[in-house]
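Structure file protein.cif; described as mmCIF, C-alpha atoms.
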```cif
data_model
loop_
_atom_site.label_atom_id
_atom_site.label_comp_id
_atom_site.auth_asym_id
_atom_site.auth_seq_id
_atom_site.Cartn_x
_atom_site.Cartn_y
_atom_site.Cartn_z
CA MET A 26 0.00 0.00 0.00
CA LYS A 27 1.44 3.33 -1.08
CA LYS A 28 0.67 6.30 1.09
CA ILE A 29 0.26 9.47 -0.95
CA GLN A 30 -0.19 12.77 0.85
CA ILE A 31 -0.98 16.10 -0.76
CA LEU A 32 0.10 19.08 1.35
CA GLY A 33 -1.66 22.36 0.73
CA THR A 34 -4.13 24.78 2.26
CA GLY A 35 -6.73 24.09 -0.40
CA CYS A 36 -5.73 26.35 -3.27
CA ALA A 37 -6.47 25.53 -6.90
CA LYS A 38 -3.00 24.11 -7.49
CA CYS A 39 -3.40 21.70 -4.58
CA GLN A 40 -6.58 20.26 -6.09
CA LYS A 41 -4.79 19.88 -9.39
CA LEU A 42 -1.86 18.09 -7.78
CA ALA A 43 -4.23 15.69 -6.02
CA ALA A 44 -5.92 14.90 -9.35
CA VAL A 45 -2.59 14.39 -11.13
CA ALA A 46 -1.24 12.16 -8.35
CA GLU A 47 -4.38 10.07 -8.33
CA GLU A 48 -4.26 9.66 -12.10
CA ALA A 49 -0.60 8.64 -11.96
CA ALA A 50 -1.23 6.15 -9.16
CA LYS A 51 -4.07 4.57 -11.11
CA ALA A 52 -1.88 4.34 -14.22
CA LEU A 53 0.78 2.56 -12.17
CA GLY A 54 -1.82 0.11 -10.95
CA VAL A 55 -0.49 -0.07 -7.41
CA PRO A 56 -2.78 -0.01 -4.37
CA TYR A 57 -2.65 3.42 -2.79
CA GLU A 58 -4.20 5.63 -0.21
CA LEU A 59 -4.53 9.36 -0.82
CA GLU A 60 -4.74 11.92 1.94
CA LYS A 61 -5.06 15.69 1.69
CA VAL A 62 -3.22 17.49 4.46
CA THR A 63 -4.63 20.99 4.92
CA ASP A 64 -3.68 21.81 8.51
CA PRO A 65 -0.73 24.24 8.46
CA LYS A 66 0.72 22.65 11.61
CA LYS A 67 0.86 19.27 9.92
CA ILE A 68 2.19 20.76 6.70
CA MET A 69 5.02 22.36 8.65
CA SER A 70 5.90 19.06 10.29
CA PHE A 71 7.14 17.97 6.85
CA GLY A 72 9.39 21.05 6.67
CA VAL A 73 7.72 22.20 3.46
CA MET A 74 7.60 25.91 2.60
CA SER A 75 5.96 26.04 -0.76
CA THR A 76 2.69 24.32 -1.39
CA PRO A 77 1.39 22.22 -3.01
CA ALA A 78 3.71 19.41 -2.05
CA LEU A 79 3.64 15.70 -2.76
CA VAL A 80 4.63 13.24 -0.06
CA VAL A 81 5.04 9.54 -0.85
CA ASP A 82 5.37 7.09 2.05
CA GLY A 83 6.48 9.89 4.37
CA THR A 84 9.11 11.42 2.05
CA VAL A 85 8.65 14.82 0.41
CA ARG A 86 9.08 14.27 -3.32
CA LEU A 87 7.97 17.55 -4.82
CA THR A 88 7.19 21.11 -3.64
CA GLY A 89 5.69 24.24 -5.09
CA ARG A 90 4.43 23.02 -8.44
CA VAL A 91 2.12 20.66 -10.22
CA PRO A 92 4.03 18.02 -12.20
CA SER A 93 3.00 16.42 -15.48
CA THR A 94 1.31 13.04 -15.07
CA GLU A 95 4.47 11.49 -16.52
CA ASP A 96 6.67 13.10 -13.83
CA ALA A 97 4.18 12.24 -11.13
CA ARG A 98 4.31 8.59 -12.16
CA LYS A 99 8.12 8.62 -11.82
CA LEU A 100 7.85 10.19 -8.37
CA LEU A 101 5.36 7.58 -7.24
CA SER A 102 7.18 4.49 -8.46
CA MET B 14 30.07 13.56 -28.58
CA ASN B 15 31.08 16.80 -26.94
CA GLN B 16 31.23 18.47 -30.30
CA ARG B 17 27.74 17.32 -31.17
CA ARG B 18 26.43 18.68 -27.90
CA ASN B 19 28.06 22.03 -28.58
CA LEU B 20 26.51 22.05 -32.01
CA SER B 21 23.02 21.37 -30.71
CA ALA B 22 23.44 24.05 -28.06
CA LEU B 23 24.49 26.41 -30.86
CA THR B 24 21.42 25.52 -32.96
CA ARG B 25 19.20 26.10 -29.98
CA ALA B 26 20.81 29.45 -29.22
CA ALA B 27 20.34 30.44 -32.87
CA ALA B 28 16.69 29.38 -32.76
CA GLY B 29 16.21 31.42 -29.60
CA LEU B 30 17.75 34.51 -31.20
CA ALA B 31 15.63 34.06 -34.33
CA ALA B 32 12.51 33.82 -32.19
CA LEU B 33 13.49 36.99 -30.34
CA ALA B 34 14.09 38.85 -33.61
CA ALA B 35 10.72 37.71 -34.98
CA TRP B 36 9.10 38.82 -31.72
CA TRP B 37 10.66 42.27 -32.04
CA LEU B 38 9.62 42.68 -35.69
CA VAL B 39 5.99 41.78 -34.98
CA TYR B 40 5.93 43.90 -31.81
CA ARG B 41 7.05 47.02 -33.63
CA GLN B 42 4.30 46.72 -36.23
CA LEU B 43 1.39 46.44 -33.79
CA ALA B 44 0.54 50.15 -33.55
CA ALA B 45 0.64 50.58 -37.31
CA VAL B 46 -1.53 47.51 -37.89
CA ALA B 47 -4.13 48.68 -35.37
CA GLY B 48 -4.14 52.18 -36.86
CA TRP B 49 -4.64 50.73 -40.32
CA ALA B 50 -7.12 47.97 -39.49
CA THR B 51 -9.57 50.14 -37.54
CA PRO B 52 -10.57 52.37 -40.46
CA SER B 53 -9.69 50.13 -43.43
CA LEU B 54 -10.75 46.71 -42.23
CA LEU B 55 -13.51 47.53 -39.76
CA GLY B 56 -14.70 50.74 -41.36
CA LEU B 57 -14.61 52.76 -38.13
CA ARG B 58 -13.54 56.36 -37.90
CA ARG B 59 -10.51 56.52 -35.64
CA GLU B 60 -11.81 59.67 -33.95
CA SER B 61 -15.22 58.22 -33.08
CA PRO B 62 -15.75 56.77 -29.57
CA LEU B 63 -16.21 53.24 -30.90
CA GLY B 64 -13.28 53.57 -33.31
CA SER B 65 -10.87 54.76 -30.65
CA ALA B 66 -12.08 52.06 -28.22
CA VAL B 67 -11.58 49.35 -30.86
CA GLU B 68 -8.19 50.67 -31.92
CA PHE B 69 -7.09 50.76 -28.27
CA PHE B 70 -8.21 47.16 -27.83
CA ILE B 71 -6.63 45.68 -30.96
CA TYR B 72 -3.36 47.50 -30.27
CA GLU B 73 -3.01 46.93 -26.53
CA THR B 74 -4.15 43.30 -26.34
CA PRO B 75 -1.48 41.71 -28.55
CA LYS B 76 1.13 44.17 -27.25
CA VAL B 77 0.56 43.33 -23.60
CA LEU B 78 0.26 39.61 -24.24
CA MET B 79 3.51 39.58 -26.24
CA LEU B 80 5.34 41.50 -23.51
CA LEU B 81 3.90 39.16 -20.93
CA VAL B 82 5.11 36.04 -22.74
CA LEU B 83 8.63 37.42 -23.17
CA VAL B 84 9.03 38.66 -19.59
CA VAL B 85 7.39 35.68 -17.91
CA PHE B 86 9.73 33.44 -19.88
CA GLY B 87 12.76 35.44 -18.77
CA VAL B 88 11.60 35.61 -15.16
CA GLY B 89 10.84 31.87 -15.22
CA ILE B 90 14.50 31.25 -16.03
CA VAL B 91 15.73 33.69 -13.36
CA ARG B 92 13.44 32.14 -10.77
CA SER B 93 14.84 28.69 -11.34
CA TYR B 94 17.91 30.02 -9.52
CA PHE B 95 15.89 31.12 -6.49
CA THR B 96 13.85 28.74 -4.36
CA PRO B 97 12.08 29.68 -1.12
CA GLU B 98 14.48 27.36 0.71
CA ARG B 99 17.54 29.09 -0.69
CA THR B 100 16.08 32.52 0.05
CA ARG B 101 15.44 31.45 3.62
CA ALA B 102 18.99 30.24 4.01
CA MET B 103 20.19 33.65 2.81
CA LEU B 104 17.96 35.51 5.27
CA ALA B 105 18.31 33.39 8.39
CA GLY B 106 20.24 35.10 11.16
CA ARG B 107 20.53 38.39 9.24
CA ARG B 108 20.46 41.54 11.22
CA GLU B 109 17.58 43.91 10.57
CA SER B 110 18.11 46.79 8.11
CA ALA B 111 20.41 44.86 5.80
CA GLY B 112 18.07 41.92 6.19
CA ASN B 113 15.05 44.06 5.27
CA VAL B 114 16.75 45.30 2.11
CA LEU B 115 17.74 41.81 1.05
CA ALA B 116 14.29 40.39 1.87
CA ALA B 117 12.49 43.05 -0.18
CA LEU B 118 14.77 42.37 -3.15
CA LEU B 119 14.49 38.60 -2.87
CA GLY B 120 10.71 39.01 -2.70
CA VAL B 121 10.77 40.17 -6.31
CA VAL B 122 12.62 37.16 -7.70
CA THR B 123 11.60 34.29 -5.43
CA PRO B 124 8.63 32.30 -6.73
CA PHE B 125 5.68 33.09 -4.50
CA CYS B 126 2.01 32.28 -4.46
CA SER B 127 -0.23 33.83 -1.82
CA CYS B 128 -1.66 30.37 -1.11
CA SER B 129 1.70 29.33 0.35
CA ALA B 130 2.05 32.49 2.44
CA VAL B 131 1.39 30.54 5.67
CA PRO B 132 3.91 27.71 5.26
CA LEU B 133 6.41 30.26 4.01
CA PHE B 134 5.87 32.54 7.00
CA ILE B 135 6.30 29.66 9.46
CA GLY B 136 9.28 28.30 7.54
CA PHE B 137 10.97 31.72 7.75
CA VAL B 138 10.37 32.68 11.38
CA THR B 139 11.07 29.25 12.84
CA ALA B 140 14.39 29.12 10.99
CA GLY B 141 15.53 32.34 12.65
CA VAL B 142 14.60 34.92 10.03
CA PRO B 143 13.62 38.01 12.10
CA LEU B 144 9.90 38.84 12.06
CA GLY B 145 10.36 42.24 10.41
CA VAL B 146 12.59 40.77 7.70
CA THR B 147 9.97 38.10 7.03
CA PHE B 148 7.37 40.83 6.59
CA SER B 149 9.56 42.75 4.17
CA PHE B 150 9.55 39.61 2.04
CA LEU B 151 5.81 39.02 2.45
CA ILE B 152 5.04 42.59 1.36
CA SER B 153 7.31 42.80 -1.65
CA ALA B 154 6.63 39.30 -3.02
CA PRO B 155 3.02 39.85 -4.11
CA MET B 156 3.19 43.60 -4.70
CA VAL B 157 6.32 43.88 -6.82
CA ASN B 158 5.98 41.10 -9.34
CA GLU B 159 6.91 40.62 -12.95
CA ILE B 160 3.35 40.80 -14.25
CA ALA B 161 2.76 44.19 -12.64
CA LEU B 162 6.06 45.50 -13.96
CA VAL B 163 5.42 44.27 -17.51
CA LEU B 164 1.99 45.81 -17.66
CA LEU B 165 3.21 49.08 -16.22
CA PHE B 166 6.08 49.17 -18.68
CA GLY B 167 3.85 48.27 -21.62
CA LEU B 168 1.01 50.65 -20.82
CA PHE B 169 2.68 53.55 -18.99
CA GLY B 170 6.31 53.42 -20.02
CA TRP B 171 9.50 52.69 -18.14
CA LYS B 172 9.35 55.67 -15.79
CA VAL B 173 6.15 54.57 -14.08
CA ALA B 174 7.37 50.96 -13.99
CA ALA B 175 10.59 52.11 -12.31
CA LEU B 176 8.66 54.30 -9.85
CA TYR B 177 6.45 51.37 -8.96
CA LEU B 178 9.44 49.08 -8.45
CA GLY B 179 11.29 51.64 -6.35
CA THR B 180 8.41 52.69 -4.15
CA GLY B 181 7.12 49.11 -3.78
CA LEU B 182 10.54 48.03 -2.51
CA LEU B 183 10.71 51.06 -0.22
CA ILE B 184 7.33 50.29 1.35
CA ALA B 185 8.31 46.64 1.90
CA LEU B 186 11.58 47.75 3.43
CA VAL B 187 10.21 50.42 5.76
CA ALA B 188 7.03 48.56 6.78
CA GLY B 189 9.05 45.43 7.58
CA TRP B 190 11.56 47.46 9.54
CA ILE B 191 8.82 49.18 11.58
CA ILE B 192 7.14 45.85 12.34
CA GLY B 193 10.52 44.52 13.46
CA ARG B 194 11.11 47.53 15.73
CA LEU B 195 7.72 47.14 17.38
CA LYS B 196 8.75 43.72 18.80
CA LEU B 197 5.51 41.98 17.97
CA GLU B 198 6.68 38.39 18.26
CA ARG B 199 4.15 37.71 21.03
CA HIS B 200 1.35 38.37 18.53
CA VAL B 201 2.36 35.45 16.39
CA GLU B 202 0.21 32.39 17.17
CA ASP B 203 1.99 30.42 19.88
CA TRP B 204 2.17 27.09 18.06
CA VAL B 205 4.22 28.66 15.26
CA TYR B 206 7.38 28.94 17.32
CA ALA B 207 6.86 25.48 18.78
CA ASN B 208 8.50 23.76 15.84
CA LYS B 209 12.08 24.59 15.09
CA VAL B 210 13.52 23.87 11.72
CA ASP B 211 16.90 23.94 10.14
CA ALA B 212 17.63 26.80 7.77
CA THR B 213 20.14 25.02 5.58
CA ALA B 214 19.00 24.84 2.00
CA PRO B 215 18.35 21.22 1.11
CA ALA B 216 20.60 19.68 -1.48
CA GLU B 217 18.86 20.10 -4.79
CA GLU B 218 19.40 18.77 -8.24
CA ARG B 219 21.57 21.04 -10.30
CA LEU B 220 19.71 22.20 -13.38
CA ASP B 221 21.43 22.65 -16.69
CA LEU B 222 20.52 25.49 -19.02
CA ALA B 223 18.10 23.35 -21.03
CA ALA B 224 16.18 22.55 -17.84
CA ARG B 225 16.06 26.25 -16.95
CA VAL B 226 14.75 27.14 -20.40
CA ALA B 227 12.14 24.42 -19.90
CA ALA B 228 11.27 26.09 -16.56
CA GLY B 229 10.81 29.38 -18.43
CA ARG B 230 8.48 27.72 -20.93
CA GLU B 231 6.60 26.09 -18.07
CA ALA B 232 6.18 29.49 -16.39
CA VAL B 233 4.75 30.94 -19.61
CA ARG B 234 2.25 28.12 -19.90
CA ASP B 235 1.27 28.37 -16.27
CA ILE B 236 1.17 32.13 -15.72
CA VAL B 237 0.08 33.38 -19.13
CA GLY B 238 -2.46 30.54 -19.25
CA ARG B 239 -3.85 31.78 -15.96
CA VAL B 240 -3.91 35.54 -16.54
CA TRP B 241 -4.52 36.07 -20.27
CA LEU B 242 -8.27 36.25 -19.81
CA TYR B 243 -7.93 38.94 -17.12
CA VAL B 244 -5.62 40.89 -19.38
CA VAL B 245 -8.12 40.78 -22.26
CA LEU B 246 -11.05 41.69 -20.00
CA GLY B 247 -9.06 44.46 -18.32
CA ILE B 248 -8.07 45.91 -21.69
CA ALA B 249 -11.68 45.64 -22.91
CA VAL B 250 -12.89 47.69 -19.93
CA GLY B 251 -9.98 50.06 -20.43
CA ALA B 252 -10.91 50.40 -24.12
CA GLY B 253 -14.48 51.29 -23.16
CA ILE B 254 -13.24 54.01 -20.79
CA HIS B 255 -10.77 55.18 -23.41
CA GLY B 256 -13.45 55.60 -26.06
CA TYR B 257 -16.51 56.73 -24.14
CA VAL B 258 -15.52 58.50 -20.93
CA PRO B 259 -14.94 62.19 -21.67
CA THR B 260 -11.44 63.53 -21.15
CA ASN B 261 -10.97 65.01 -17.66
CA ALA B 262 -14.07 63.25 -16.33
CA MET B 263 -11.90 61.73 -13.63
CA ALA B 264 -10.10 64.97 -12.79
CA SER B 265 -12.61 66.07 -10.17
CA ILE B 266 -12.77 62.73 -8.29
CA MET B 267 -9.35 61.19 -8.90
CA GLY B 268 -7.44 64.28 -9.88
CA ARG B 269 -4.59 65.96 -8.09
CA GLY B 270 -6.83 68.57 -6.51
CA ALA B 271 -8.90 66.04 -4.62
CA TRP B 272 -6.55 65.22 -1.74
CA TRP B 273 -9.00 62.77 -0.17
CA SER B 274 -8.94 60.59 -3.27
CA VAL B 275 -5.64 58.95 -2.23
CA PRO B 276 -6.75 57.52 1.14
CA LEU B 277 -10.13 56.67 -0.41
CA ALA B 278 -8.45 54.77 -3.26
CA VAL B 279 -6.37 52.81 -0.73
CA LEU B 280 -9.42 52.10 1.43
CA ILE B 281 -11.31 50.73 -1.55
CA GLY B 282 -8.28 48.87 -2.89
CA VAL B 283 -7.15 47.04 0.26
CA PRO B 284 -9.99 44.50 0.59
CA MET B 285 -10.21 44.04 -3.19
CA TYR B 286 -8.45 41.12 -4.70
CA SER B 287 -7.41 41.16 -8.29
CA ASN B 288 -4.19 40.30 -9.98
CA ALA B 289 -2.14 42.97 -11.67
CA ALA B 290 -3.26 41.70 -15.06
CA GLY B 291 -6.87 42.68 -14.54
CA ILE B 292 -6.45 45.99 -12.78
CA ILE B 293 -3.65 47.78 -14.61
CA PRO B 294 -5.31 48.19 -18.04
CA VAL B 295 -8.36 49.73 -16.33
CA VAL B 296 -6.19 52.05 -14.31
CA GLN B 297 -4.26 53.12 -17.38
CA ALA B 298 -7.46 54.24 -19.05
CA LEU B 299 -8.44 56.21 -15.92
CA LEU B 300 -5.09 57.95 -15.95
CA GLY B 301 -5.75 59.06 -19.52
CA LYS B 302 -8.96 60.69 -18.33
CA GLY B 303 -7.41 63.02 -15.80
CA ALA B 304 -6.86 60.79 -12.75
CA ALA B 305 -3.64 61.69 -10.94
CA LEU B 306 -0.71 59.28 -11.10
CA GLY B 307 -0.22 59.10 -7.33
CA THR B 308 -3.86 58.23 -6.73
CA VAL B 309 -3.77 55.59 -9.43
CA LEU B 310 -0.49 54.09 -8.18
CA ALA B 311 -1.86 53.92 -4.63
CA PHE B 312 -5.00 52.18 -5.83
CA MET B 313 -2.98 49.65 -7.82
CA MET B 314 -0.59 48.88 -4.98
CA SER B 315 -3.36 48.38 -2.46
CA VAL B 316 -5.28 46.06 -4.79
CA ILE B 317 -2.24 43.96 -5.66
CA GLY B 318 -0.37 44.07 -2.36
CA LEU B 319 -3.09 43.59 0.24
CA SER B 320 -6.34 41.69 0.08
CA LEU B 321 -9.05 40.24 2.26
CA PRO B 322 -8.30 36.60 1.24
CA GLU B 323 -4.66 37.16 2.22
CA ALA B 324 -5.74 38.49 5.61
CA ILE B 325 -7.89 35.41 6.18
CA ILE B 326 -5.02 33.08 5.26
CA LEU B 327 -2.52 34.95 7.47
CA ARG B 328 -4.93 34.98 10.42
CA LYS B 329 -3.96 31.33 10.92
CA VAL B 330 -0.51 32.42 12.08
CA LEU B 331 -0.95 36.04 13.17
CA LYS B 332 -3.03 37.23 16.10
CA PRO B 333 -5.45 40.09 15.25
CA PRO B 334 -3.28 42.95 16.60
CA LEU B 335 -0.31 41.98 14.44
CA LEU B 336 -2.52 41.41 11.41
CA LEU B 337 -4.03 44.88 11.87
CA ILE B 338 -0.64 46.51 12.34
CA PHE B 339 0.67 44.75 9.23
CA PHE B 340 -2.23 45.97 7.07
CA GLY B 341 -2.21 49.39 8.73
CA VAL B 342 1.51 50.03 8.21
CA VAL B 343 1.45 48.91 4.58
CA ALA B 344 -1.72 50.88 3.80
CA ALA B 345 -0.18 53.98 5.40
CA GLY B 346 2.97 53.49 3.31
CA ILE B 347 0.94 53.20 0.11
CA THR B 348 -1.03 56.34 0.99
CA ALA B 349 2.20 58.23 1.60
CA VAL B 350 3.52 57.15 -1.80
CA GLY B 351 0.27 58.31 -3.42
CA PHE B 352 0.56 61.75 -1.84
CA LEU B 353 4.23 61.98 -2.71
CA PHE B 354 3.62 61.40 -6.41
CA ASN B 355 0.63 63.71 -6.62
CA TRP B 356 2.76 66.37 -5.02
CA LEU B 357 5.93 65.73 -7.04
CA LEU B 358 4.55 65.24 -10.53
#
```
What does this structure look like when you write it as structure tokens?
Amino acid sequence: MKKIQILGTGCAKCQKLAAVAEEAAKALGVPYELEKVTDPKKIMSFGVMSTPALVVDGTVRLTGRVPSTEDARKLLS
Amino acid sequence: MNQRRNLSALTRAAAGLAALAAWWLVYRQLAAVAGWATPSLLGLRRESPLGSAVEFFIYETPKVLMLLVLVVFGVGIVRSYFTPERTRAMLAGRRESAGNVLAALLGVVTPFCSCSAVPLFIGFVTAGVPLGVTFSFLISAPMVNEIALVLLFGLFGWKVAALYLGTGLLIALVAGWIIGRLKLERHVEDWVYANKVDATAPAEERLDLAARVAAGREAVRDIVGRVWLYVVLGIAVGAGIHGYVPTNAMASIMGRGAWWSVPLAVLIGVPMYSNAAGIIPVVQALLGKGAALGTVLAFMMSVIGLSLPEAIILRKVLKPPLLLIFFGVVAAGITAVGFLFNWLL
């Protein structure tokens, strides 16, 4: 089970990142669990300063931008 | 191998130069094309209200969009050298004054989106960036941005763009310094200081030039894709004002004589939220109708720099007194700039 977390306070880019990550995870065909983290305290606990950010299994993989689905798939695998 | 790479870099550089030359050639013809197309193609008299509105629109729209693409591309490349993490590492442990100057300048070039204002604020103060220095950054980052500067340059000329840049930086600098002097750390929400983080910039992948050019292209797609509609709408409204509002109609309410128009413009502008792309074309048309430059600049700065949504986001980390002082100091600075320009020019 892959744990995918989207960090962001709910701006448009965060929604987009969640959609892209979900699409990439489905394309990979691995079981996953997606969580949106919107609480600033929790976001800070990852040490992230620019949102949206993508966290896979507890590791920050991407901050501050929305990747292409292709890039997102690489980050997830 | 190496030779082939040099060759392909050379081809790409040549292609880039050719694109720039083509851009310049088209750009220079825009006024002439609009002046010709309005009467000849559309059959409108250039002096009529509709004719002058249409000519304004078909000249300004491609001009501003072309400028926007070029500058956003350039800024996208520059910004790939600056990340929030690197900026923080440069600011951590700085003394005030010098720190305020540096923060205001870095605010212009560091990528910033108001939706990450909160994580950025926490990331800065917990890493030892002084509160006032953090505010200098938070003021200059949204207010002095490339889109505002492009539009000001394109529609008003380089003098106004330079004035905006200079005064925007000055406000960020002074307001941040004042907030630092007031020792307001106790008005930051208590949980913010509870987590301590390290200010060292994380090791990042080194980008080659091709990747930075790709970042520039990405910025164009992202930013121009997001704001082009506002630009077109803003210019359309501006064109309407240009054609139909009589000259000097604005002189009595937004003119230099009406001293109260500056604070009023700021008061109206602060809660409003619009990006630079939507507001500047409108404001340019008002200026043409007798509004005073200082009043117009103050209105623009307060719309772009401060907004109600930003206040709501920042409330998560700032207690009400600090939030009020922040907005109050910046609004006062903007008002002062408005008066200064109305008095000087």
Run the PyMOL selection byres ((chain B) within 10 of (chain A)) on the file and write out the hits as a list in words.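 Answer for the PyMOL selection byres ((chain B) within 10 of (chain A)): Thr96, Pro97, Glu98, Arg101, Pro124, Phe125, Cys126, Ser127, Cys128, Ser129, Ala130, Val131, Pro132, Leu133, Phe134, Ile135, Gly136, Phe137, Trp204, Val205, Ala207, Asn208, Lys209, Val210, Asp211, Asp235, Ile326, Lys329 and Val330 of chain B.
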Write to file, as a short mmCIF file (atom, residue, chain, number, x, y, z; two decimals), in the frame of the given file, the residues of the selection just made, with C-alpha atoms.
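Everything below was put into again.cif:
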```cif
data_model
loop_
_atom_site.label_atom_id
_atom_site.label_comp_id
_atom_site.auth_asym_id
_atom_site.auth_seq_id
_atom_site.Cartn_x
_atom_site.Cartn_y
_atom_site.Cartn_z
CA THR B 96 13.85 28.74 -4.36
CA PRO B 97 12.08 29.68 -1.12
CA GLU B 98 14.48 27.36 0.71
CA ARG B 101 15.44 31.45 3.62
CA PRO B 124 8.63 32.30 -6.73
CA PHE B 125 5.68 33.09 -4.50
CA CYS B 126 2.01 32.28 -4.46
CA SER B 127 -0.23 33.83 -1.82
CA CYS B 128 -1.66 30.37 -1.11
CA SER B 129 1.70 29.33 0.35
CA ALA B 130 2.05 32.49 2.44
CA VAL B 131 1.39 30.54 5.67
CA PRO B 132 3.91 27.71 5.26
CA LEU B 133 6.41 30.26 4.01
CA PHE B 134 5.87 32.54 7.00
CA ILE B 135 6.30 29.66 9.46
CA GLY B 136 9.28 28.30 7.54
CA PHE B 137 10.97 31.72 7.75
CA TRP B 204 2.17 27.09 18.06
CA VAL B 205 4.22 28.66 15.26
CA ALA B 207 6.86 25.48 18.78
CA ASN B 208 8.50 23.76 15.84
CA LYS B 209 12.08 24.59 15.09
CA VAL B 210 13.52 23.87 11.72
CA ASP B 211 16.90 23.94 10.14
CA ASP B 235 1.27 28.37 -16.27
CA ILE B 326 -5.02 33.08 5.26
CA LYS B 329 -3.96 31.33 10.92
CA VAL B 330 -0.51 32.42 12.08
#
```
Hits from the PyMOL selection byres ((chain B and resi 118) around 12), listed as a PyMOL selection string: chain B and resi 95+100+103-104+111-117+119-123+146+149-154+156-158+178-179+181-186
What is the distance, in Å and to one decimal place, between atom CA of B:Val88 and atom CA of B:Tyr177? 17.7 Å
I'd like the contact shell of A:Leu79 - 7 Å cut-off, all atoms listed in the file, skipping same-chain residues fewer than 6 positions apart - returned as a ChimeraX atom specification. /A:30-32,85-88
Given the PyMOL selection byres ((chain B and resi 292) around 10) and the file above, list the residues it selects as a PyMOL selection string. chain B and resi 161+164+243-244+246-248+250-251+286-291+293-297+312-313+316-317
Using all atoms listed in the file and a cutoff of 12 Å, can you tell me which residues are near (8.5, 5.0, -12.8) in the file's coordinates, and write them out as number ranges by chain? A: 49-50, 52-55, 94-102
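Atom CA of A:Gln40 is positioned 21.7 Å from atom CA of B:Ala324.
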Find the residues near B:Met79: any atom within 12 Å, counting only C-alpha atoms, skip ones fewer than 3 places away on the same chain, and give them as a ChimeraX atom specification. /B:33,35-41,43,72-76,82-86,163-164,167,233,237,241,244
d(atom CA of B:Leu165, atom CA of B:Ala305) in Å: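 Atom-to-atom, atom CA of B:Leu165 and atom CA of B:Ala305 are spaced 15.3 Å apart.
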So which residues touch B:Phe340 within 10 Å, counting only C-alpha atoms, skipping near sequence neighbours fewer than 2 positions away, as a list in words? Ile152, Ala188, Val283, Ser315, Gly318, Leu319, Ser320, Ala324, Leu335, Leu336, Leu337, Ile338, Val342, Val343, Ala344, Ala345 and Gly346 of chain B
Show me as a compact mmCIF listing (two decimals) with C-alpha atoms, keeping the file's coordinate frame the residues that reach within 6 Å of (10.9, 42.3, 8.2), counting only C-alpha atoms and using the file's own coordinates.
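Written out: selection04.txt:
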```
# COMPACT_ATOMS: atom_id res chain seq x y z
CA ASN B 113 15.05 44.06 5.27
CA LEU B 144 9.90 38.84 12.06
CA GLY B 145 10.36 42.24 10.41
CA VAL B 146 12.59 40.77 7.70
CA THR B 147 9.97 38.10 7.03
CA PHE B 148 7.37 40.83 6.59
CA SER B 149 9.56 42.75 4.17
CA GLY B 189 9.05 45.43 7.58
CA TRP B 190 11.56 47.46 9.54
CA GLY B 193 10.52 44.52 13.46
```
Which residue, A:Ala44, A:Ala78, A:Thr84, A:Lys28, has the smallest gap to A:Leu59 when you use only C-alpha atoms?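 Under the stated criterion, the closest residue is A:Lys28.
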Have a look at B:Leu327, B:Ala50, B:Leu222, B:Ser274 and name the one nearest to B:Arg25; count all atoms listed in the file. B:Leu222
